[in-house]
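**Q** One file: query19.txt (compact mmCIF, C-alpha atoms).
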# COMPACT_ATOMS: atom_id res chain seq x y z
CA MET L 248 19.52 -7.72 36.38
CA SER L 249 19.23 -4.15 35.22
CA GLY L 250 21.92 -2.38 33.26
CA TYR L 251 23.68 -3.15 30.02
CA VAL L 252 26.36 -5.36 28.55
CA LYS L 253 29.88 -3.99 28.16
CA SER L 254 32.84 -5.22 26.15
CA ARG L 255 36.33 -5.00 27.59
CA ILE L 256 39.46 -5.33 25.45
CA VAL L 257 42.36 -7.27 27.01
CA ALA L 258 45.18 -4.77 27.45
CA ILE L 259 48.92 -5.37 27.24
CA ASP L 260 49.49 -5.75 30.98
CA GLU L 261 46.61 -8.26 31.26
CA VAL L 262 48.05 -10.82 28.85
CA GLY L 263 48.35 -14.25 30.44
CA GLN L 264 46.00 -13.53 33.35
CA ARG L 265 43.41 -16.15 34.24
CA LEU L 266 39.89 -14.99 33.50
CA ASP L 267 38.76 -15.40 37.12
CA HIS L 268 41.74 -13.35 38.32
CA TRP L 269 40.82 -10.65 35.80
CA PHE L 270 37.30 -10.53 37.22
CA ASN L 271 38.61 -10.47 40.80
CA LYS L 272 40.68 -7.41 39.97
CA HIS L 273 38.06 -5.44 38.05
CA PHE L 274 34.90 -6.60 39.83
CA PRO L 275 35.88 -7.67 43.38
CA ALA L 276 32.22 -7.71 44.49
CA ILE L 277 31.51 -10.68 42.23
CA ARG L 278 32.13 -13.95 44.05
CA HIS L 279 33.95 -16.90 42.47
CA GLY L 280 30.74 -18.94 42.35
CA GLN L 281 28.94 -16.13 40.55
CA ILE L 282 31.69 -15.93 37.93
CA SER L 283 31.43 -19.71 37.39
CA LYS L 284 27.66 -19.45 36.89
CA LEU L 285 28.00 -16.55 34.46
CA LEU L 286 30.45 -18.61 32.43
CA ARG L 287 28.28 -21.76 32.49
CA THR L 288 25.25 -19.79 31.28
CA GLY L 289 27.23 -18.03 28.56
CA GLN L 290 26.74 -14.55 30.02
CA VAL L 291 30.51 -14.08 30.13
CA ARG L 292 32.26 -14.84 26.86
CA VAL L 293 35.68 -14.20 25.35
CA ASP L 294 35.67 -13.23 21.66
CA GLY L 295 32.06 -14.41 21.55
CA LYS L 296 32.94 -17.94 22.70
CA ARG L 297 32.22 -19.83 25.91
CA VAL L 298 35.40 -20.41 27.93
CA LYS L 299 36.46 -21.98 31.22
CA ILE L 300 37.18 -20.01 34.35
CA ASN L 301 40.93 -20.71 34.11
CA CYS L 302 41.16 -19.41 30.54
CA ARG L 303 44.37 -17.42 29.97
CA LEU L 304 43.79 -14.06 28.30
CA ILE L 305 45.38 -13.01 25.00
CA LEU L 306 46.12 -9.46 23.90
CA GLY L 307 43.21 -7.79 22.12
CA GLN L 308 40.55 -10.33 23.08
CA THR L 309 37.06 -8.99 23.85
CA ILE L 310 35.52 -9.96 27.19
CA ARG L 311 31.74 -9.78 27.40
CA VAL L 312 30.81 -8.32 30.80
CA PRO L 313 27.13 -8.79 31.76
CA PRO L 314 24.95 -6.26 33.62
CA LEU L 315 25.41 -7.98 37.01
CA CYS L 316 29.08 -7.00 37.01
CA ASN L 317 28.52 -3.53 35.61
CA ASN L 318 25.98 -2.58 38.26
CA LEU L 319 27.98 -3.63 41.30
CA ILE L 320 31.02 -2.25 43.08
CA TYR L 321 32.68 -3.32 46.29
CA LYS L 322 33.02 -0.96 49.24
CA ASN L 323 33.24 -1.55 53.00
CA ASN L 324 32.26 -5.22 52.50
CA PHE L 325 28.87 -4.30 51.00
CA ILE L 326 27.57 -4.59 47.45
CA LYS L 327 26.18 -1.28 46.26
CA SER L 328 24.54 -0.10 43.06
CA TYR L 329 27.02 1.35 40.62
CA GLN L 330 26.19 4.84 39.40
CA GLN L 331 27.85 6.51 36.45
CA ASP L 332 30.33 9.06 37.83
CA THR L 333 29.29 12.20 35.98
CA LYS L 334 31.32 14.48 38.27
CA THR L 335 34.55 12.74 37.31
CA GLY L 336 33.30 12.61 33.73
CA ASN L 337 32.97 16.39 33.61
CA LYS L 338 36.56 16.72 34.86
CA LEU L 339 37.75 14.35 32.16
CA ILE L 340 35.93 16.35 29.49
CA LYS L 341 37.92 19.41 30.57
CA SER L 342 41.13 17.40 30.36
CA ILE L 343 40.67 16.30 26.71
CA LEU L 344 43.77 16.95 24.63
CA TYR L 345 42.62 15.51 21.29
CA ARG L 346 39.49 13.95 19.81
CA ASP L 347 38.54 12.50 16.44
CA LYS L 348 36.18 9.78 15.23
CA GLU L 349 38.48 6.99 16.46
CA ILE L 350 40.13 8.14 19.68
CA ILE L 351 40.00 10.53 22.62
CA VAL L 352 43.21 11.53 24.41
CA ILE L 353 42.97 12.93 27.93
CA ASN L 354 45.47 14.40 30.39
CA LYS L 355 44.76 12.21 33.43
CA PRO L 356 45.25 13.89 36.80
CA ALA L 357 47.45 12.25 39.44
CA GLY L 358 45.45 10.40 42.09
CA LEU L 359 42.70 9.18 39.77
CA ALA L 360 42.73 5.44 39.08
CA VAL L 361 42.17 4.25 35.53
CA GLN L 362 40.06 1.26 36.56
CA GLY L 363 38.15 0.26 39.68
CA GLY L 364 39.11 -2.17 42.40
CA SER L 365 38.47 -2.88 46.05
CA GLY L 366 37.56 0.37 47.78
CA LEU L 367 37.80 2.49 44.63
CA THR L 368 34.64 4.38 43.73
CA LYS L 369 36.13 7.04 41.43
CA HIS L 370 38.08 6.05 38.35
CA VAL L 371 38.32 6.82 34.64
CA ASP L 372 36.47 3.66 33.61
CA GLY L 373 33.49 4.65 35.76
CA ALA L 374 33.14 7.96 33.97
CA LEU L 375 33.53 6.97 30.33
CA ASP L 376 29.86 7.33 29.45
CA SER L 377 30.37 11.08 29.85
CA LEU L 378 32.85 10.91 26.95
CA ARG L 379 30.55 9.29 24.40
CA PHE L 380 29.69 12.60 22.68
CA GLU L 381 27.99 11.74 19.38
CA ALA L 382 29.22 8.12 19.34
CA SER L 383 26.89 5.21 20.02
CA GLU L 384 29.60 3.22 21.79
CA ARG L 385 31.21 3.86 25.14
CA PRO L 386 34.95 4.67 24.87
CA ARG L 387 37.32 1.81 25.68
CA LEU L 388 40.57 1.75 27.63
CA VAL L 389 43.47 0.37 25.59
CA HIS L 390 46.33 1.01 28.01
CA ARG L 391 46.79 2.28 31.55
CA LEU L 392 48.58 4.69 33.81
CA ASP L 393 49.20 4.15 37.50
CA LYS L 394 46.77 5.92 39.80
CA HIS L 395 49.45 8.38 40.93
CA THR L 396 50.92 8.96 37.45
CA SER L 397 49.50 11.88 35.49
CA GLY L 398 49.42 12.50 31.76
CA VAL L 399 48.47 11.08 28.37
CA LEU L 400 45.79 8.39 28.33
CA ILE L 401 44.23 7.14 25.07
CA LEU L 402 40.62 5.98 24.78
CA ALA L 403 39.32 4.12 21.73
CA ARG L 404 35.88 5.16 20.51
CA GLN L 405 35.23 1.97 18.54
CA GLN L 406 36.12 -1.69 18.95
CA SER L 407 38.02 -1.63 15.65
CA SER L 408 40.15 1.29 16.74
CA ALA L 409 40.77 -0.40 20.11
CA ARG L 410 42.22 -3.43 18.37
CA ARG L 411 44.33 -1.27 16.08
CA LEU L 412 45.77 0.68 19.02
CA ILE L 413 46.46 -2.45 21.06
CA ASN L 414 48.32 -3.91 18.08
CA ALA L 415 50.32 -0.68 17.84
CA PHE L 416 51.38 -1.00 21.48
CA ARG L 417 52.24 -4.66 20.97
CA ALA L 418 54.32 -3.89 17.86
CA LYS L 419 56.01 -0.99 19.72
CA SER L 420 54.93 1.45 17.02
CA ALA L 421 53.30 3.47 19.80
CA VAL L 422 55.90 5.55 21.65
CA LYS L 423 55.38 7.04 25.11
CA ILE L 424 57.57 9.63 26.81
CA TYR L 425 57.53 10.42 30.52
CA LEU L 426 59.07 13.21 32.55
CA ALA L 427 60.15 12.44 36.11
CA LEU L 428 61.88 14.14 38.98
CA VAL L 429 64.12 11.60 40.71
CA ILE L 430 66.21 11.56 43.87
CA GLY L 431 69.89 11.42 42.98
CA GLU L 432 71.59 11.28 39.61
CA PRO L 433 71.30 8.39 37.14
CA LYS L 434 74.66 7.16 35.86
CA PRO L 435 75.46 7.25 33.04
CA ALA L 436 73.50 10.38 32.16
CA ILE L 437 71.97 8.67 29.11
CA GLY L 438 71.40 4.96 29.05
CA GLN L 439 69.02 2.08 29.49
CA ILE L 440 67.78 -0.07 32.36
CA ASN L 441 67.34 -3.76 31.65
CA LEU L 442 65.98 -5.36 34.81
CA PRO L 443 63.39 -8.21 34.80
CA ILE L 444 60.25 -7.55 36.84
CA ALA L 445 57.90 -9.87 38.71
CA LYS L 446 55.00 -9.40 41.08
CA VAL L 447 55.84 -9.61 44.78
CA ALA L 448 54.46 -12.88 46.16
CA ASN L 449 51.85 -12.93 48.93
CA LYS L 450 51.02 -9.24 48.64
CA VAL L 451 47.44 -8.03 48.78
CA SER L 452 48.27 -4.71 47.13
CA GLU L 453 49.86 -4.70 43.68
CA LYS L 454 53.62 -4.36 43.96
CA MET L 455 56.43 -5.40 41.64
CA MET L 456 60.11 -6.18 42.17
CA VAL L 457 63.30 -6.90 40.27
CA ASP L 458 63.50 -10.67 39.94
CA TYR L 459 66.34 -12.18 37.89
CA GLU L 460 64.98 -15.74 38.11
CA ASN L 461 61.24 -15.37 37.52
CA GLY L 462 60.84 -11.80 36.25
CA LYS L 463 59.67 -10.78 32.80
CA HIS L 464 61.95 -8.85 30.47
CA ALA L 465 61.62 -5.09 31.05
CA LEU L 466 63.59 -2.36 29.27
CA THR L 467 63.57 1.38 29.88
CA ARG L 468 65.61 4.04 28.09
CA TYR L 469 66.33 7.31 29.86
CA SER L 470 67.99 10.67 29.33
CA THR L 471 69.10 13.17 31.98
CA LEU L 472 67.67 16.61 31.16
CA GLU L 473 68.72 18.80 34.09
CA LYS L 474 70.51 18.45 37.41
CA LEU L 475 68.60 20.47 40.00
CA SER L 476 69.10 21.51 43.62
CA CYS L 477 68.53 19.19 46.60
CA HIS L 478 70.04 16.25 44.65
CA ILE L 479 67.04 16.16 42.30
CA THR L 480 67.39 15.27 38.61
CA LEU L 481 64.88 15.81 35.81
CA VAL L 482 64.86 12.83 33.45
CA ALA L 483 63.00 11.74 30.32
CA LEU L 484 61.91 8.09 30.39
CA PHE L 485 61.03 5.84 27.45
CA PRO L 486 59.49 2.45 28.34
CA VAL L 487 60.37 0.00 25.56
CA THR L 488 58.34 -2.72 27.29
CA GLY L 489 55.14 -2.09 29.23
CA ARG L 490 55.37 -3.95 32.54
CA THR L 491 53.29 -2.95 35.55
CA HIS L 492 55.02 -0.12 37.50
CA GLN L 493 58.05 -0.56 35.23
CA LEU L 494 59.42 2.98 35.39
CA ARG L 495 58.99 3.18 39.15
CA VAL L 496 60.70 -0.17 39.76
CA HIS L 497 63.52 0.60 37.34
CA MET L 498 64.33 4.04 38.72
CA ALA L 499 64.34 2.71 42.27
CA GLY L 500 66.36 -0.27 41.05
CA ILE L 501 69.28 1.94 39.96
CA GLY L 502 69.17 3.95 43.19
CA THR L 503 67.27 7.00 41.90
CA PRO L 504 63.64 6.61 43.04
CA ILE L 505 60.99 8.93 41.65
CA LEU L 506 60.23 11.86 43.94
CA GLY L 507 57.12 11.07 45.97
CA ASP L 508 57.04 7.34 45.15
CA SER L 509 56.68 5.88 48.63
CA LYS L 510 55.85 2.37 47.36
CA TYR L 511 59.22 1.83 45.68
CA GLY L 512 61.41 4.54 47.16
CA GLY L 513 60.24 4.55 50.78
CA VAL L 514 61.43 7.50 52.86
CA LYS L 515 64.27 8.05 50.37
CA ALA L 516 61.72 9.26 47.84
CA PHE L 517 60.98 12.43 49.80
CA LEU L 518 62.87 15.62 50.64
CA LYS L 519 63.07 16.54 54.30
CA GLY L 520 62.15 20.09 55.20
CA GLN L 521 61.31 21.14 51.64
CA LEU L 522 57.95 22.55 50.57
CA VAL L 523 57.55 20.16 47.65
CA SER L 524 54.38 18.22 46.83
CA LYS L 525 54.23 14.74 48.33
CA ASN L 526 52.56 13.46 45.13
CA MET L 527 54.55 11.23 42.82
CA HIS L 528 56.43 13.22 40.18
CA LEU L 529 55.91 11.04 37.12
CA HIS L 530 54.07 12.44 34.12
CA ALA L 531 53.26 10.78 30.78
CA CYS L 532 54.02 13.88 28.75
CA ALA L 533 53.61 12.66 25.17
CA ILE L 534 52.59 9.80 22.94
CA ARG L 535 53.13 9.04 19.27
CA ILE L 536 50.75 6.58 17.62
CA PRO L 537 49.95 5.59 14.03
CA SER L 538 46.60 7.12 13.06
CA TYR L 539 43.94 5.58 10.81
CA SER L 540 45.06 7.98 8.05
CA GLY L 541 48.47 6.33 7.97
CA ASP L 542 50.41 9.24 9.46
CA ASP L 543 51.80 9.39 12.98
CA LEU L 544 49.80 11.36 15.52
CA GLU L 545 51.70 13.09 18.33
CA VAL L 546 49.87 14.38 21.40
CA THR L 547 51.56 16.26 24.25
CA ALA L 548 50.08 16.61 27.74
CA PRO L 549 50.94 19.77 29.73
CA LEU L 550 52.23 19.16 33.24
CA ARG L 551 49.58 18.88 35.96
CA ASP L 552 49.52 21.39 38.83
CA HIS L 553 51.71 19.56 41.36
CA MET L 554 54.43 19.03 38.77
CA ILE L 555 54.31 22.67 37.63
CA LYS L 556 54.72 23.87 41.22
CA SER L 557 57.67 21.54 41.80
CA PHE L 558 59.31 22.55 38.53
CA ARG L 559 59.10 26.17 39.57
CA PHE L 560 60.33 25.37 43.08
CA PHE L 561 63.49 23.92 41.53
CA GLY L 562 63.84 26.80 39.07
CA VAL L 563 62.76 24.88 35.96
CA LYS L 564 60.52 26.53 33.38
CA PRO L 565 57.84 23.99 32.32
CA GLU L 566 57.58 25.52 28.85
CA ARG L 567 61.11 24.33 28.08
CA TYR L 568 59.70 20.82 27.78
CA GLU L 569 56.74 21.44 25.50
CA LEU L 570 58.32 19.49 22.61
CA PRO L 571 59.30 16.23 24.34
CA PHE L 572 59.92 14.12 21.23
CA ARG L 573 63.26 15.80 20.70
CA PHE L 574 64.42 13.86 23.78
CA PHE L 575 63.31 10.55 22.28
CA ASP L 576 64.94 11.30 18.94
CA HIS L 577 68.17 12.03 20.80
CA ILE L 578 68.58 8.52 22.22
CA SER L 579 66.40 6.24 20.04
Do you think you could lay out the structure here as structure tokens?

**A**
Amino acid sequence: MSGYVKSRIVAIDEVGQRLDHWFNKHFPAIRHGQISKLLRTGQVRVDGKRVKINCRLILGQTIRVPPLCNNLIYKNNFIKSYQQDTKTGNKLIKSILYRDKEIIVINKPAGLAVQGGSGLTKHVDGALDSLRFEASERPRLVHRLDKHTSGVLILARQQSSARRLINAFRAKSAVKIYLALVIGEPKPAIGQINLPIAKVANKVSEKMMVDYENGKHALTRYSTLEKLSCHITLVALFPVTGRTHQLRVHMAGIGTPILGDSKYGGVKAFLKGQLVSKNMHLHACAIRIPSYSGDDLEVTAPLRDHMIKSFRFFGVKPERYELPFRFFDHIS
């Protein structure tokens, strides 16, 4: 088996997953029997220890991923050699917002997945070797954005910084702010959405739903910024919890789906006869995290092209929202 060993840090939205389910999601080419063998032979370990295939993952744990997994992807029912995606890597280099010895912050474009899966050949994780720079280690993902969500994404440059950042997200000392264009008008204009979320049963593709009986606690704060034409509203969103697709489910749940979000808004998420991008209009515009120096670090991500065009279509000047933390301070 050629290649090299990688270490993956268990992120917030992976807590409680079975180890085999984690592998099925990230490395769908690897069969269940292969995973069992890798575990029996100690090639896959969690925090350096041998574990069983049904092990439940804990936040911040390190999963040892052997070369067999790293050199295979799944596409069109064939196993193919995995090649480092330097083309995507070069795009990510151009999207860097901030870099120091501990972290790299990028402005992820909409349409680019953060991690691989069945049928996905281009994703952030597949291009991270291009972002090593002078470091000996490959950057690590510590949180995620949906494929169709643009904006701030933090990469840890060391295992120690990855653990520190994951703990910051867990302790809610990391604050994220999103801008979204939604269909309709949230009422009240400033408030919070407290709707439990669970995964839809028997679905091949990942989809969540509001589930009062089995759902996990999910809380989102929001603030209306501007009421626009065509029954569109610009809102700032603040996820207090970090559930999968939380903002999308919550906005659809109160009757104001995010513009372009077909998965949760259906046909109601689009404007008929209007020359507006069909992409989803959700952008992670800023993040505040504690830095290793002890001070808070704030990084703001400029809007990506499709959002800028839509802002201008509705008569909104993007530069009005270059200091997004004033929205958070208003309702926190």

**Q** Determine, for each residue of region 512-543 of chain L having at least one atom at most 8 Å from an atom of region 553-566 of chain L, the closest pair of atoms and their separation in Å to one decimal, counting all atoms listed in the file; order by chain and ascending number, as a Markdown table.

**A**
| residue | atom | partner | partner_atom | distance |
| --- | --- | --- | --- | --- |
| L:Val523 | CA | L:Ser557 | CA | 6.0 |
| L:Ser524 | CA | L:His553 | CA | 6.2 |
| L:Asn526 | CA | L:His553 | CA | 7.2 |
| L:His528 | CA | L:Met554 | CA | 6.3 |

**Q** Filtering to C-alpha atoms, could you give me those residues as a PDB file, in the frame of the given file?

**A**
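Result file is selection.pdb:
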ATOM      1  CA  VAL L 523      57.550  20.160  47.650  1.00  0.00           C
ATOM      2  CA  SER L 524      54.380  18.220  46.830  1.00  0.00           C
ATOM      3  CA  ASN L 526      52.560  13.460  45.130  1.00  0.00           C
ATOM      4  CA  HIS L 528      56.430  13.220  40.180  1.00  0.00           C
TER       5      HIS L 528
END

**Q** What gap, in Å, lies between CA of Glu384 (chain L) and CA of Leu412 (chain L)?

**A**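 Going from CA of Glu384 (chain L) over to CA of Leu412 (chain L), I get 16.6 Å.
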
**Q** Up to 12 Å from (63.9, 21.8, 52.3) in the file's coordinates: name the residues, counting all atoms listed in the file, as a list in words.

**A** Ser476, Cys477, His478, Ile479, Phe517, Leu518, Lys519, Gly520, Gln521, Leu522, Val523, Ser524, Phe560 and Phe561 of chain L

**Q** For Ala533 (chain L), which residue among L:Lys369, L:Arg573, L:His497, L:Arg278 is the nearest when counting all atoms listed in the file?

**A**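 Closest candidate: L:Arg573.
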
**Q** Go through L:Ile310, L:Leu400, L:Ala516, L:Leu344 one by one, measure the shortest atom-to-atom distance of each to Leu359 (chain L) using all atoms listed in the file, and give the residue with the smallest value.

**A** L:Leu400

**Q** Calculate how many Å separate CA of Thr480 (chain L) from CA of Asp260 (chain L), rounding to one decimal.

**A**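 About the pair CA of Thr480 (chain L) and CA of Asp260 (chain L): they are 28.6 Å apart.
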
**Q** Using all atoms listed in the file, which protein or nucleic acid residues come within 12 Å of Trp269 (chain L)? Drop anything in the same chain fewer than 6 positions from it, and give the result as a ChimeraX atom specification.

**A** /L:255-258,260-263,275,277,279,282,300-305,310,312,362-364

**Q** Measuring between only C-alpha atoms, which one of L:Arg490, L:Arg311, L:Lys253, L:Lys474 shows the shortest distance to Asp376 (chain L)?

**A**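 Among the listed residues, L:Lys253 lies closest to Asp376 (chain L).
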
**Q** When you draw a straight line from CA of Lys434 (chain L) to CA of Arg551 (chain L), how long is it in Å?

**A**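 We find that CA of Lys434 (chain L) and CA of Arg551 (chain L) lie 27.7 Å from each other.
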
**Q** Kindly provide, as a ChimeraX atom specification, the polymer residues lying within 7 Å of (33.8, -23.9, 36.1), counting all atoms listed in the file and using the coordinates exactly as they appear in the file.

**A** /L:283,287,299-300

**Q** Counting all atoms listed in the file, which residue out of L:Glu473, L:His530, L:Leu442, L:Val252 sits closest to Glu460 (chain L)?

**A**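 Among the listed residues, the smallest separation from Glu460 (chain L) belongs to L:Leu442.
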
**Q** With all atoms listed in the file as the basis for distance, which of L:Ala548, L:Met455, L:Ala448, L:Val389 is at the shortest distance from Ala421 (chain L)?

**A**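 Result for the nearest residue to Ala421 (chain L): L:Val389.
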
**Q** Would you kindly return, as number ranges by chain, each protein, DNA or RNA residue with an atom no farther than 6 Å from any atom of Ile505 (chain L), considering all atoms listed in the file and excluding same-chain residues fewer than 2 positions away?

**A** L: 428-429, 508

**Q** Is there a way to complete region 560-570 of chain L with all heavy atoms and then write that out as a short mmCIF file (atom, residue, chain, number, x, y, z; two decimals), in the coordinates of the input?

**A**
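Okay, result.cif is ready:
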data_model
loop_
_atom_site.label_atom_id
_atom_site.label_comp_id
_atom_site.auth_asym_id
_atom_site.auth_seq_id
_atom_site.Cartn_x
_atom_site.Cartn_y
_atom_site.Cartn_z
N PHE L 560 59.59 25.38 41.82
CA PHE L 560 60.33 25.37 43.08
C PHE L 560 61.82 25.12 42.82
O PHE L 560 62.68 25.72 43.46
CB PHE L 560 59.77 24.27 44.00
CG PHE L 560 60.52 24.13 45.29
CD1 PHE L 560 60.20 24.91 46.38
CD2 PHE L 560 61.54 23.20 45.43
CE1 PHE L 560 60.89 24.78 47.58
CE2 PHE L 560 62.24 23.05 46.62
CZ PHE L 560 61.91 23.85 47.70
N PHE L 561 62.10 24.24 41.85
CA PHE L 561 63.49 23.92 41.53
C PHE L 561 64.07 24.81 40.43
O PHE L 561 65.18 24.59 39.95
CB PHE L 561 63.61 22.45 41.10
CG PHE L 561 63.35 21.47 42.21
CD1 PHE L 561 62.24 20.64 42.18
CD2 PHE L 561 64.22 21.37 43.28
CE1 PHE L 561 61.99 19.74 43.19
CE2 PHE L 561 63.98 20.47 44.31
CZ PHE L 561 62.86 19.65 44.26
N GLY L 562 63.32 25.84 40.03
CA GLY L 562 63.84 26.80 39.07
C GLY L 562 63.78 26.34 37.63
O GLY L 562 64.51 26.87 36.78
N VAL L 563 62.90 25.39 37.32
CA VAL L 563 62.76 24.88 35.96
C VAL L 563 61.52 25.49 35.31
O VAL L 563 60.45 25.49 35.91
CB VAL L 563 62.64 23.34 35.94
CG1 VAL L 563 62.51 22.83 34.51
CG2 VAL L 563 63.84 22.71 36.62
N LYS L 564 61.65 25.99 34.10
CA LYS L 564 60.52 26.53 33.38
C LYS L 564 59.82 25.40 32.62
O LYS L 564 60.40 24.79 31.73
CB LYS L 564 60.97 27.61 32.40
CG LYS L 564 61.56 28.85 33.08
CD LYS L 564 61.96 29.90 32.05
CE LYS L 564 62.51 31.14 32.73
NZ LYS L 564 62.91 32.18 31.74
N PRO L 565 58.56 25.11 32.98
CA PRO L 565 57.84 23.99 32.32
C PRO L 565 57.79 24.12 30.81
O PRO L 565 57.82 23.10 30.10
CB PRO L 565 56.44 24.08 32.94
CG PRO L 565 56.64 24.76 34.25
CD PRO L 565 57.75 25.75 34.02
N GLU L 566 57.72 25.35 30.29
CA GLU L 566 57.58 25.52 28.85
C GLU L 566 58.81 25.05 28.07
O GLU L 566 58.75 24.88 26.85
CB GLU L 566 57.28 26.99 28.51
CG GLU L 566 58.27 27.98 29.05
CD GLU L 566 57.89 28.50 30.44
OE1 GLU L 566 57.11 27.83 31.14
OE2 GLU L 566 58.37 29.59 30.80
N ARG L 567 59.91 24.84 28.76
CA ARG L 567 61.11 24.33 28.08
C ARG L 567 60.92 22.90 27.59
O ARG L 567 61.69 22.40 26.77
CB ARG L 567 62.31 24.38 29.03
CG ARG L 567 62.77 25.79 29.37
CD ARG L 567 63.94 25.75 30.34
NE ARG L 567 65.09 25.03 29.79
CZ ARG L 567 66.22 24.83 30.46
NH1 ARG L 567 66.33 25.27 31.70
NH2 ARG L 567 67.21 24.19 29.90
N TYR L 568 59.89 22.23 28.10
CA TYR L 568 59.70 20.82 27.78
C TYR L 568 58.38 20.58 27.06
O TYR L 568 57.73 19.55 27.22
CB TYR L 568 59.80 19.99 29.07
CG TYR L 568 61.17 20.15 29.68
CD1 TYR L 568 61.39 21.06 30.71
CD2 TYR L 568 62.26 19.47 29.16
CE1 TYR L 568 62.65 21.25 31.24
CE2 TYR L 568 63.54 19.64 29.69
CZ TYR L 568 63.72 20.53 30.71
OH TYR L 568 64.98 20.72 31.22
N GLU L 569 57.99 21.56 26.25
CA GLU L 569 56.74 21.44 25.50
C GLU L 569 56.88 20.62 24.22
O GLU L 569 55.88 20.29 23.60
CB GLU L 569 56.21 22.85 25.17
CG GLU L 569 55.72 23.61 26.40
CD GLU L 569 55.21 25.00 26.06
OE1 GLU L 569 55.45 25.44 24.91
OE2 GLU L 569 54.61 25.63 26.94
N LEU L 570 58.09 20.31 23.81
CA LEU L 570 58.32 19.49 22.61
C LEU L 570 59.14 18.27 23.01
O LEU L 570 60.32 18.13 22.66
CB LEU L 570 59.05 20.30 21.52
CG LEU L 570 58.30 21.52 20.99
CD1 LEU L 570 59.21 22.33 20.07
CD2 LEU L 570 57.03 21.10 20.26
#
